[in-house]
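Structure file my_file17.cif; described as mmCIF, C-alpha atoms and all ligand atoms.
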data_protein
#
loop_
_atom_site.group_PDB
_atom_site.id
_atom_site.type_symbol
_atom_site.label_atom_id
_atom_site.label_comp_id
_atom_site.auth_asym_id
_atom_site.auth_seq_id
_atom_site.Cartn_x
_atom_site.Cartn_y
_atom_site.Cartn_z
ATOM 1 C CA MET A 479 -62.259 -32.467 -33.678
ATOM 2 C CA ILE A 480 -64.942 -31.138 -31.343
ATOM 3 C CA ARG A 481 -63.890 -28.732 -28.571
ATOM 4 C CA GLN A 482 -63.581 -30.254 -25.106
ATOM 5 C CA GLU A 483 -66.292 -28.055 -23.487
ATOM 6 C CA GLU A 484 -68.648 -28.899 -26.343
ATOM 7 C CA ILE A 485 -68.028 -32.644 -25.802
ATOM 8 C CA THR A 486 -68.763 -32.277 -22.077
ATOM 9 C CA ALA A 487 -71.967 -30.284 -22.746
ATOM 10 C CA ARG A 488 -73.232 -32.886 -25.232
ATOM 11 C CA LEU A 489 -72.481 -35.721 -22.805
ATOM 12 C CA VAL A 490 -74.340 -33.910 -20.012
ATOM 13 C CA GLN A 491 -77.331 -33.742 -22.362
ATOM 14 C CA PHE A 492 -76.943 -37.439 -23.258
ATOM 15 C CA PHE A 493 -76.836 -38.564 -19.603
ATOM 16 C CA LYS A 494 -79.829 -36.368 -18.686
ATOM 17 C CA GLU A 495 -82.038 -37.135 -21.675
ATOM 18 C CA TYR A 496 -81.260 -40.588 -23.090
ATOM 19 C CA LEU A 497 -84.371 -42.784 -23.094
ATOM 20 C CA ASP A 498 -84.159 -46.498 -23.774
ATOM 21 C CA GLU A 499 -86.772 -48.509 -25.695
ATOM 22 C CA ASN A 500 -88.956 -48.691 -22.552
ATOM 23 C CA GLU A 501 -88.805 -44.919 -22.060
ATOM 24 C CA ASN A 502 -86.460 -45.248 -19.084
ATOM 25 C CA LEU A 503 -83.895 -42.569 -18.368
ATOM 26 C CA THR A 504 -81.091 -45.146 -18.449
ATOM 27 C CA TYR A 505 -78.198 -43.019 -17.215
ATOM 28 C CA LEU A 506 -80.025 -40.872 -14.674
ATOM 29 C CA ASN A 507 -81.422 -44.107 -13.223
ATOM 30 C CA GLN A 508 -77.968 -45.651 -13.130
ATOM 31 C CA LEU A 509 -76.536 -42.630 -11.302
ATOM 32 C CA ARG A 510 -79.421 -42.678 -8.824
ATOM 33 C CA GLU A 511 -78.668 -46.327 -8.127
ATOM 34 C CA ILE A 512 -74.945 -45.629 -7.711
ATOM 35 C CA LEU A 513 -75.776 -42.915 -5.158
ATOM 36 C CA THR A 514 -78.308 -44.979 -3.231
ATOM 37 C CA THR A 515 -78.742 -48.740 -3.472
ATOM 38 C CA SER A 516 -75.552 -50.050 -5.052
ATOM 39 C CA PRO A 517 -72.531 -47.917 -4.268
ATOM 40 C CA LYS A 518 -70.227 -48.299 -7.274
ATOM 41 C CA ARG A 519 -67.390 -46.239 -8.644
ATOM 42 C CA SER A 520 -68.295 -46.614 -12.330
ATOM 43 C CA MET A 521 -71.105 -45.834 -14.726
ATOM 44 C CA GLU A 522 -71.460 -48.259 -17.649
ATOM 45 C CA ILE A 523 -72.304 -46.596 -20.941
ATOM 46 C CA ASN A 524 -73.475 -48.457 -24.029
ATOM 47 C CA TRP A 525 -71.726 -47.076 -27.126
ATOM 48 C CA GLU A 526 -74.798 -47.934 -29.236
ATOM 49 C CA HIS A 527 -76.914 -45.612 -27.073
ATOM 50 C CA LEU A 528 -74.398 -42.809 -27.562
ATOM 51 C CA SER A 529 -74.277 -43.505 -31.278
ATOM 52 C CA ALA A 530 -78.082 -43.317 -31.550
ATOM 53 C CA PHE A 531 -78.162 -40.068 -29.561
ATOM 54 C CA ASN A 532 -75.160 -38.334 -31.117
ATOM 55 C CA PRO A 533 -73.259 -40.242 -33.840
ATOM 56 C CA GLU A 534 -70.538 -37.609 -34.130
ATOM 57 C CA LEU A 535 -69.703 -37.912 -30.447
ATOM 58 C CA ALA A 536 -69.705 -41.722 -30.627
ATOM 59 C CA GLY A 537 -67.185 -41.480 -33.495
ATOM 60 C CA GLU A 538 -65.109 -38.985 -31.523
ATOM 61 C CA LEU A 539 -64.816 -41.507 -28.649
ATOM 62 C CA LEU A 540 -63.238 -44.077 -30.994
ATOM 63 C CA GLU A 541 -60.771 -41.567 -32.460
ATOM 64 C CA ASN A 542 -59.985 -39.427 -29.460
ATOM 65 C CA PRO A 543 -60.774 -41.574 -26.397
ATOM 66 C CA GLU A 544 -58.625 -39.910 -23.751
ATOM 67 C CA ASP A 545 -60.411 -36.552 -24.143
ATOM 68 C CA VAL A 546 -63.906 -38.031 -24.482
ATOM 69 C CA ILE A 547 -63.544 -40.277 -21.400
ATOM 70 C CA LEU A 548 -62.297 -37.313 -19.330
ATOM 71 C CA ALA A 549 -65.193 -35.210 -20.657
ATOM 72 C CA ALA A 550 -67.634 -37.997 -19.730
ATOM 73 C CA GLU A 551 -66.271 -38.060 -16.169
ATOM 74 C CA ASP A 552 -66.640 -34.270 -15.968
ATOM 75 C CA ALA A 553 -70.171 -34.577 -17.383
ATOM 76 C CA ILE A 554 -71.075 -37.147 -14.696
ATOM 77 C CA GLN A 555 -69.900 -34.676 -12.020
ATOM 78 C CA ILE A 556 -72.074 -31.938 -13.567
ATOM 79 C CA VAL A 557 -75.139 -34.213 -13.703
ATOM 80 C CA LEU A 558 -74.600 -35.289 -10.070
ATOM 81 C CA GLN A 559 -74.512 -31.616 -9.058
ATOM 82 C CA GLU A 560 -77.416 -30.429 -11.223
ATOM 83 C CA GLU A 561 -79.826 -33.358 -10.954
ATOM 84 C CA PHE A 562 -78.959 -34.849 -7.571
ATOM 85 C CA PHE A 563 -77.792 -31.672 -5.797
ATOM 86 C CA LYS A 564 -74.526 -33.232 -4.691
ATOM 87 C CA LYS A 565 -72.107 -30.500 -3.598
ATOM 88 C CA ASN A 566 -68.983 -32.679 -3.616
ATOM 89 C CA PRO A 567 -69.979 -35.626 -5.814
ATOM 90 C CA PRO A 568 -67.999 -38.873 -5.544
ATOM 91 C CA LYS A 569 -65.645 -39.514 -8.470
ATOM 92 C CA ILE A 570 -67.358 -41.928 -10.906
ATOM 93 C CA HIS A 571 -65.520 -43.554 -13.826
ATOM 94 C CA ALA A 572 -67.129 -43.489 -17.289
ATOM 95 C CA ARG A 573 -66.834 -47.014 -18.708
ATOM 96 C CA PHE A 574 -67.929 -47.616 -22.303
ATOM 97 C CA TYR A 575 -68.887 -50.967 -23.854
ATOM 98 C CA GLY A 576 -70.689 -52.270 -26.948
ATOM 99 C CA LEU A 577 -68.361 -50.896 -29.639
ATOM 100 C CA PRO A 578 -69.272 -51.630 -33.281
ATOM 101 C CA LYS A 579 -66.206 -53.815 -33.965
ATOM 102 C CA THR A 580 -64.542 -56.508 -31.829
ATOM 103 C CA TYR A 581 -60.913 -57.301 -32.630
ATOM 104 C CA SER A 582 -59.148 -60.565 -31.916
ATOM 105 C CA ILE A 583 -55.787 -60.025 -30.184
ATOM 106 C CA LYS A 584 -54.037 -60.888 -33.474
ATOM 107 C CA GLU A 585 -55.922 -58.203 -35.362
ATOM 108 C CA VAL A 586 -54.831 -55.361 -33.069
ATOM 109 C CA GLY A 587 -52.301 -53.355 -35.053
ATOM 110 C CA VAL A 588 -50.329 -50.114 -35.192
ATOM 111 C CA GLU A 589 -53.265 -48.344 -36.829
ATOM 112 C CA ASN A 590 -55.109 -48.723 -33.497
ATOM 113 C CA ILE A 591 -52.504 -46.872 -31.398
ATOM 114 C CA ASN A 592 -54.136 -44.302 -29.084
ATOM 115 C CA LYS A 593 -57.577 -45.299 -30.413
ATOM 116 C CA PHE A 594 -60.470 -46.792 -28.463
ATOM 117 C CA ILE A 595 -60.918 -50.460 -29.344
ATOM 118 C CA GLN A 596 -62.815 -53.536 -28.207
ATOM 119 C CA ILE A 597 -61.005 -56.856 -28.022
ATOM 120 C CA GLU A 598 -61.961 -60.442 -27.316
ATOM 121 C CA GLY A 599 -59.553 -62.864 -25.673
ATOM 122 C CA ILE A 600 -58.741 -65.222 -22.828
ATOM 123 C CA VAL A 601 -57.024 -64.134 -19.630
ATOM 124 C CA ALA A 602 -53.665 -65.926 -19.725
ATOM 125 C CA ARG A 603 -52.128 -64.520 -16.553
ATOM 126 C CA THR A 604 -52.932 -61.993 -13.846
ATOM 127 C CA GLY A 605 -50.335 -59.971 -11.942
ATOM 128 C CA GLY A 606 -50.380 -58.892 -8.314
ATOM 129 C CA ILE A 607 -52.275 -55.868 -7.088
ATOM 130 C CA LYS A 608 -50.090 -52.778 -6.781
ATOM 131 C CA THR A 609 -50.604 -49.089 -6.080
ATOM 132 C CA PHE A 610 -50.613 -46.345 -8.691
ATOM 133 C CA SER A 611 -50.834 -42.608 -8.211
ATOM 134 C CA PRO A 612 -52.698 -40.815 -11.015
ATOM 135 C CA ARG A 613 -51.993 -37.476 -9.350
ATOM 136 C CA ILE A 614 -48.750 -36.998 -7.418
ATOM 137 C CA THR A 615 -48.073 -33.962 -5.244
ATOM 138 C CA PHE A 616 -44.360 -33.146 -5.056
ATOM 139 C CA ILE A 617 -42.986 -30.948 -2.288
ATOM 140 C CA CYS A 618 -39.784 -28.892 -2.226
ATOM 141 C CA GLU A 619 -37.702 -29.796 0.820
ATOM 142 C CA ASP A 620 -36.130 -26.314 0.855
ATOM 143 C CA CYS A 621 -39.142 -23.997 0.712
ATOM 144 C CA GLY A 622 -42.206 -26.274 1.074
ATOM 145 C CA TYR A 623 -43.646 -25.303 -2.337
ATOM 146 C CA THR A 624 -45.956 -28.019 -3.778
ATOM 147 C CA MET A 625 -46.291 -29.088 -7.420
ATOM 148 C CA ILE A 626 -48.937 -31.471 -8.807
ATOM 149 C CA ARG A 627 -48.164 -33.818 -11.713
ATOM 150 C CA ILE A 628 -50.762 -36.036 -13.466
ATOM 151 C CA GLN A 629 -49.358 -39.530 -14.169
ATOM 152 C CA LYS A 630 -50.099 -42.246 -16.741
ATOM 153 C CA PRO A 631 -50.399 -45.886 -15.669
ATOM 154 C CA PHE A 632 -47.643 -46.810 -18.167
ATOM 155 C CA GLY A 633 -44.239 -45.340 -19.061
ATOM 156 C CA LYS A 634 -42.119 -43.236 -16.728
ATOM 157 C CA ALA A 635 -43.216 -41.107 -13.774
ATOM 158 C CA ILE A 636 -43.493 -37.393 -14.500
ATOM 159 C CA LYS A 637 -41.532 -35.414 -11.911
ATOM 160 C CA PRO A 638 -40.495 -31.749 -11.714
ATOM 161 C CA ARG A 639 -36.725 -31.328 -12.265
ATOM 162 C CA LYS A 640 -36.495 -28.465 -9.796
ATOM 163 C CA CYS A 641 -38.686 -26.367 -7.547
ATOM 164 C CA GLU A 642 -40.763 -23.876 -9.521
ATOM 165 C CA ASN A 643 -40.528 -21.447 -6.612
ATOM 166 C CA CYS A 644 -36.903 -21.494 -5.392
ATOM 167 C CA GLY A 645 -35.111 -23.650 -7.962
ATOM 168 C CA GLY A 646 -34.171 -26.197 -5.267
ATOM 169 C CA LYS A 647 -33.450 -29.750 -6.401
ATOM 170 C CA GLU A 648 -34.530 -31.636 -3.254
ATOM 171 C CA ILE A 649 -37.999 -32.695 -4.336
ATOM 172 C CA GLU A 650 -39.979 -35.384 -2.542
ATOM 173 C CA ILE A 651 -43.395 -36.999 -2.994
ATOM 174 C CA ASP A 652 -46.005 -35.824 -0.495
ATOM 175 C CA THR A 653 -47.949 -39.075 0.029
ATOM 176 C CA ASN A 654 -50.597 -37.346 2.190
ATOM 177 C CA GLU A 655 -51.576 -35.050 -0.668
ATOM 178 C CA SER A 656 -51.266 -37.555 -3.573
ATOM 179 C CA GLN A 657 -54.049 -39.785 -4.920
ATOM 180 C CA PHE A 658 -53.675 -43.565 -4.951
ATOM 181 C CA LEU A 659 -55.534 -46.341 -6.775
ATOM 182 C CA ASP A 660 -55.160 -50.090 -7.108
ATOM 183 C CA ILE A 661 -53.529 -51.221 -10.346
ATOM 184 C CA GLN A 662 -53.093 -54.692 -11.844
ATOM 185 C CA GLN A 663 -51.499 -56.002 -15.023
ATOM 186 C CA ILE A 664 -53.049 -58.891 -16.870
ATOM 187 C CA TRP A 665 -52.122 -60.702 -20.081
ATOM 188 C CA ILE A 666 -54.844 -61.516 -22.588
ATOM 189 C CA GLN A 667 -54.256 -64.170 -25.242
ATOM 190 C CA ASP A 668 -55.801 -64.664 -28.648
ATOM 191 C CA THR A 669 -58.702 -67.149 -28.606
ATOM 192 C CA SER A 670 -57.153 -69.279 -31.362
ATOM 193 C CA ASP A 671 -53.408 -68.632 -30.968
ATOM 194 C CA LYS A 672 -52.080 -68.717 -27.423
ATOM 195 C CA ARG A 673 -48.657 -67.386 -28.450
ATOM 196 C CA THR A 674 -50.216 -64.031 -29.248
ATOM 197 C CA LYS A 675 -50.813 -62.035 -26.088
ATOM 198 C CA ILE A 676 -51.368 -58.438 -25.160
ATOM 199 C CA LYS A 677 -50.589 -56.812 -21.835
ATOM 200 C CA ALA A 678 -53.451 -54.881 -20.247
ATOM 201 C CA ILE A 679 -53.748 -52.533 -17.285
ATOM 202 C CA LEU A 680 -56.703 -52.558 -14.879
ATOM 203 C CA LEU A 681 -57.295 -49.653 -12.515
ATOM 204 C CA ASP A 682 -59.357 -49.105 -9.373
ATOM 205 C CA ASP A 683 -62.668 -51.039 -9.402
ATOM 206 C CA LEU A 684 -61.583 -53.196 -12.392
ATOM 207 C CA VAL A 685 -58.728 -54.689 -10.347
ATOM 208 C CA ASP A 686 -59.248 -58.338 -9.322
ATOM 209 C CA THR A 687 -62.418 -58.766 -11.399
ATOM 210 C CA VAL A 688 -61.067 -61.436 -13.777
ATOM 211 C CA SER A 689 -59.019 -64.595 -13.353
ATOM 212 C CA THR A 690 -56.992 -66.957 -15.531
ATOM 213 C CA LYS A 691 -58.959 -68.693 -18.321
ATOM 214 C CA ASP A 692 -61.808 -66.198 -18.220
ATOM 215 C CA LYS A 693 -63.021 -65.360 -21.702
ATOM 216 C CA ILE A 694 -63.494 -61.610 -21.792
ATOM 217 C CA ILE A 695 -64.470 -58.704 -23.973
ATOM 218 C CA ALA A 696 -62.607 -55.555 -23.007
ATOM 219 C CA THR A 697 -62.613 -52.005 -24.264
ATOM 220 C CA GLY A 698 -59.712 -49.627 -23.806
ATOM 221 C CA ILE A 699 -57.130 -47.290 -25.287
ATOM 222 C CA LEU A 700 -54.308 -49.033 -27.141
ATOM 223 C CA ARG A 701 -50.913 -47.696 -26.020
ATOM 224 C CA ILE A 702 -47.419 -48.498 -27.172
ATOM 225 C CA VAL A 703 -44.494 -48.552 -24.752
ATOM 226 C CA PRO A 704 -40.784 -49.453 -25.036
ATOM 227 C CA LYS A 705 -40.401 -53.144 -24.187
ATOM 228 C CA GLU A 706 -37.050 -53.056 -22.411
ATOM 229 C CA LYS A 707 -34.761 -50.347 -21.152
ATOM 230 C CA ARG A 708 -31.872 -51.730 -23.195
ATOM 231 C CA SER A 709 -33.683 -51.855 -26.504
ATOM 232 C CA PRO A 710 -35.730 -48.697 -26.936
ATOM 233 C CA ILE A 711 -36.499 -49.582 -30.549
ATOM 234 C CA ILE A 712 -38.654 -52.560 -29.580
ATOM 235 C CA PHE A 713 -42.113 -51.539 -28.459
ATOM 236 C CA GLU A 714 -44.981 -53.528 -27.084
ATOM 237 C CA LYS A 715 -48.714 -52.949 -27.217
ATOM 238 C CA LEU A 716 -50.605 -52.367 -24.020
ATOM 239 C CA LEU A 717 -54.329 -51.934 -23.486
ATOM 240 C CA GLU A 718 -55.361 -49.316 -20.941
ATOM 241 C CA VAL A 719 -58.636 -51.049 -20.054
ATOM 242 C CA ASN A 720 -61.828 -48.996 -19.725
ATOM 243 C CA HIS A 721 -64.485 -51.745 -19.429
ATOM 244 C CA ILE A 722 -64.493 -55.549 -19.056
ATOM 245 C CA THR A 723 -67.293 -58.028 -19.699
ATOM 246 C CA LYS A 724 -66.697 -61.577 -18.539
ATOM 247 C CA GLN A 725 -68.111 -64.228 -20.845
ATOM 248 C CA ALA A 726 -67.619 -67.859 -19.888
ATOM 249 C CA LYS A 727 -64.767 -69.727 -18.313
ATOM 250 C CA THR A 728 -62.907 -71.687 -20.986
ATOM 251 C CA GLU A 729 -62.300 -75.352 -20.212
ATOM 252 C CA GLY A 730 -59.182 -77.361 -20.911
ATOM 253 C CA GLN A 731 -57.219 -74.448 -22.335
ATOM 254 C CA THR A 732 -54.014 -73.138 -20.836
HETATM 255 ZN ZN ZN A 801 -38.464 -24.631 -3.269
#
Take the structure in the file and give it back as structure tokens.
Amino acid sequence: MIRQEEITARLVQFFKEYLDENENLTYLNQLREILTTSPKRSMEINWEHLSAFNPELAGELLENPEDVILAAEDAIQIVLQEEFFKKNPPKIHARFYGLPKTYSIKEVGVENINKFIQIEGIVARTGGIKTFSPRITFICEDCGYTMIRIQKPFGKAIKPRKCENCGGKEIEIDTNESQFLDIQQIWIQDTSDKRTKIKAILLDDLVDTVSTKDKIIATGILRIVPKEKRSPIIFEKLLEVNHITKQAKTEGQT
């Protein structure tokens, strides 16, 4: 495993120096566009470019995606500060596509848990848009001490048991100081077997970008979560989506 600071430094270099076949600085150009003409909250990164620039790092993304995606988002902040002189750069997501292997929903297995994978399937159902807090600030009702907890978009909320300052148990969420994002669940079915589905989570700018029957290619981190409260031994797979490409609308399939 490569150290986190080393990953960030290499990604900074990749974003600053990567030249495509036409000698364009692909990622610097994309960031310039995000800052000026097309305000977006994501940068799209082709895995093949990363693999050509630094194969070890491209492999690390597949094996250790949570750390590499966070490092890429840190690297984007550094590039925005160093190349575009932004003092408080906007938060930009790092979204990777173009992985070397595409799995059908049926092929996704336990060996993929916590790995970065690319799947192909058909959107079977989309859920409503809800609100998720990736970073909750808790406040002690007794002494006013605040505690920040980073949250995952699956599983249970992480909450302090008691105040770290006074030991008080009356702890509330401070909504003014917490971060909030849109979140949506969708279900993606296998292209040849509609009984086989996987649940997927879309966050922020990915929310409401696909609809039922869309054929999609998605990348993301495969997670496993208990299926029901009453049966903790049954788990289900869930894809924490990083990037979505819409292909065509499928006809006549439900
Ligand atoms: Zn307290």
Item to complete: Could you state which residues are captured by the PyMOL selection byres (((not hetatm)) within 10 of (chain A and resi 801)) in this file, as a ChimeraX atom specification?
Response: /A:617-625,640-649
Report the residues retrieved by the PyMOL selection byres (((chain A and resi 660) around 10) and not hetatm) from the displayed file, expressed as an mmCIF file with C-alpha atoms, keeping the file's coordinate frame.
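Final output, saved to selection.cif:
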data_model
loop_
_atom_site.group_PDB
_atom_site.id
_atom_site.type_symbol
_atom_site.label_atom_id
_atom_site.label_comp_id
_atom_site.auth_asym_id
_atom_site.auth_seq_id
_atom_site.Cartn_x
_atom_site.Cartn_y
_atom_site.Cartn_z
ATOM 1 C CA ILE A 607 -52.275 -55.868 -7.088
ATOM 2 C CA LYS A 608 -50.090 -52.778 -6.781
ATOM 3 C CA THR A 609 -50.604 -49.089 -6.080
ATOM 4 C CA PHE A 610 -50.613 -46.345 -8.691
ATOM 5 C CA SER A 611 -50.834 -42.608 -8.211
ATOM 6 C CA PHE A 658 -53.675 -43.565 -4.951
ATOM 7 C CA LEU A 659 -55.534 -46.341 -6.775
ATOM 8 C CA ILE A 661 -53.529 -51.221 -10.346
ATOM 9 C CA GLN A 662 -53.093 -54.692 -11.844
ATOM 10 C CA LEU A 680 -56.703 -52.558 -14.879
ATOM 11 C CA LEU A 681 -57.295 -49.653 -12.515
ATOM 12 C CA ASP A 682 -59.357 -49.105 -9.373
ATOM 13 C CA ASP A 683 -62.668 -51.039 -9.402
ATOM 14 C CA LEU A 684 -61.583 -53.196 -12.392
ATOM 15 C CA VAL A 685 -58.728 -54.689 -10.347
ATOM 16 C CA ASP A 686 -59.248 -58.338 -9.322
#
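As for CA of Gln725 (chain A) and CA of Asp692 (chain A), they are spaced 7.1 Å apart.
Proximity ranking of A:Arg603, A:Phe616, A:Glu714, A:Tyr575 relative to Ala696 (chain A) places A:Tyr575 first, based on all atoms listed in the file.
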Discussion item. As a check of understanding, name the residues that the PyMOL selection byres (((chain A and resi 605) around 6) and not hetatm) selects in the supplied structure, as number ranges by chain.
Written reply: A: 604, 606, 662-664
Fill in: Between CA of Glu655 (chain A) and CA of Leu716 (chain A) - distance in Å to one decimal
29.1 Å
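Excluding Thr723 (chain A) and any residue on its chain fewer than 4 positions from it, the residues at most 12 Å away by only C-alpha atoms are Glu522, Arg573, Phe574, Tyr575, Gly576, Gln596, Ile597, Glu598, Gly599, Ile600, Val601, Leu684, Thr687, Val688, Asp692, Lys693, Ile694, Ile695, Ala696, Thr697 and Val719 of chain A.
Note that the spacing between CA of Leu489 (chain A) and CA of Gly537 (chain A) amounts to 13.2 Å.
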Worksheet entry | Among the residues A:Arg639, A:Glu650, A:Leu548, A:Lys564, the one that comes closest to Glu483 (chain A) [using only C-alpha atoms] | A:Leu548
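If you count only C-alpha atoms and ignore residues fewer than 4 places along the chain from Ile554 (chain A), what sits within 9 Å of it is Leu489, Val490, Phe493, Leu509, Met521, Ala549, Ala550, Leu558, Gln559, Lys569, Ile570, His571 and Ala572 of chain A.
Residue nearest Phe713 (chain A) within the list A:Lys630, A:Arg481, A:Lys691, A:Lys677: A:Lys677 [criterion: smallest interatomic distance, all atoms listed in the file].
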Worksheet, complete the sentence: Shortest contact to Glu718 (chain A), candidates A:Gly633, A:Pro517, A:Pro533, A:Pro578, atoms counted only C-alpha atoms, goes to A:Gly633
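The residue that comes closest to Lys705 (chain A), out of A:Glu501, A:Gln482, A:Gly587, A:Phe632 and on the basis of only C-alpha atoms, is A:Phe632.
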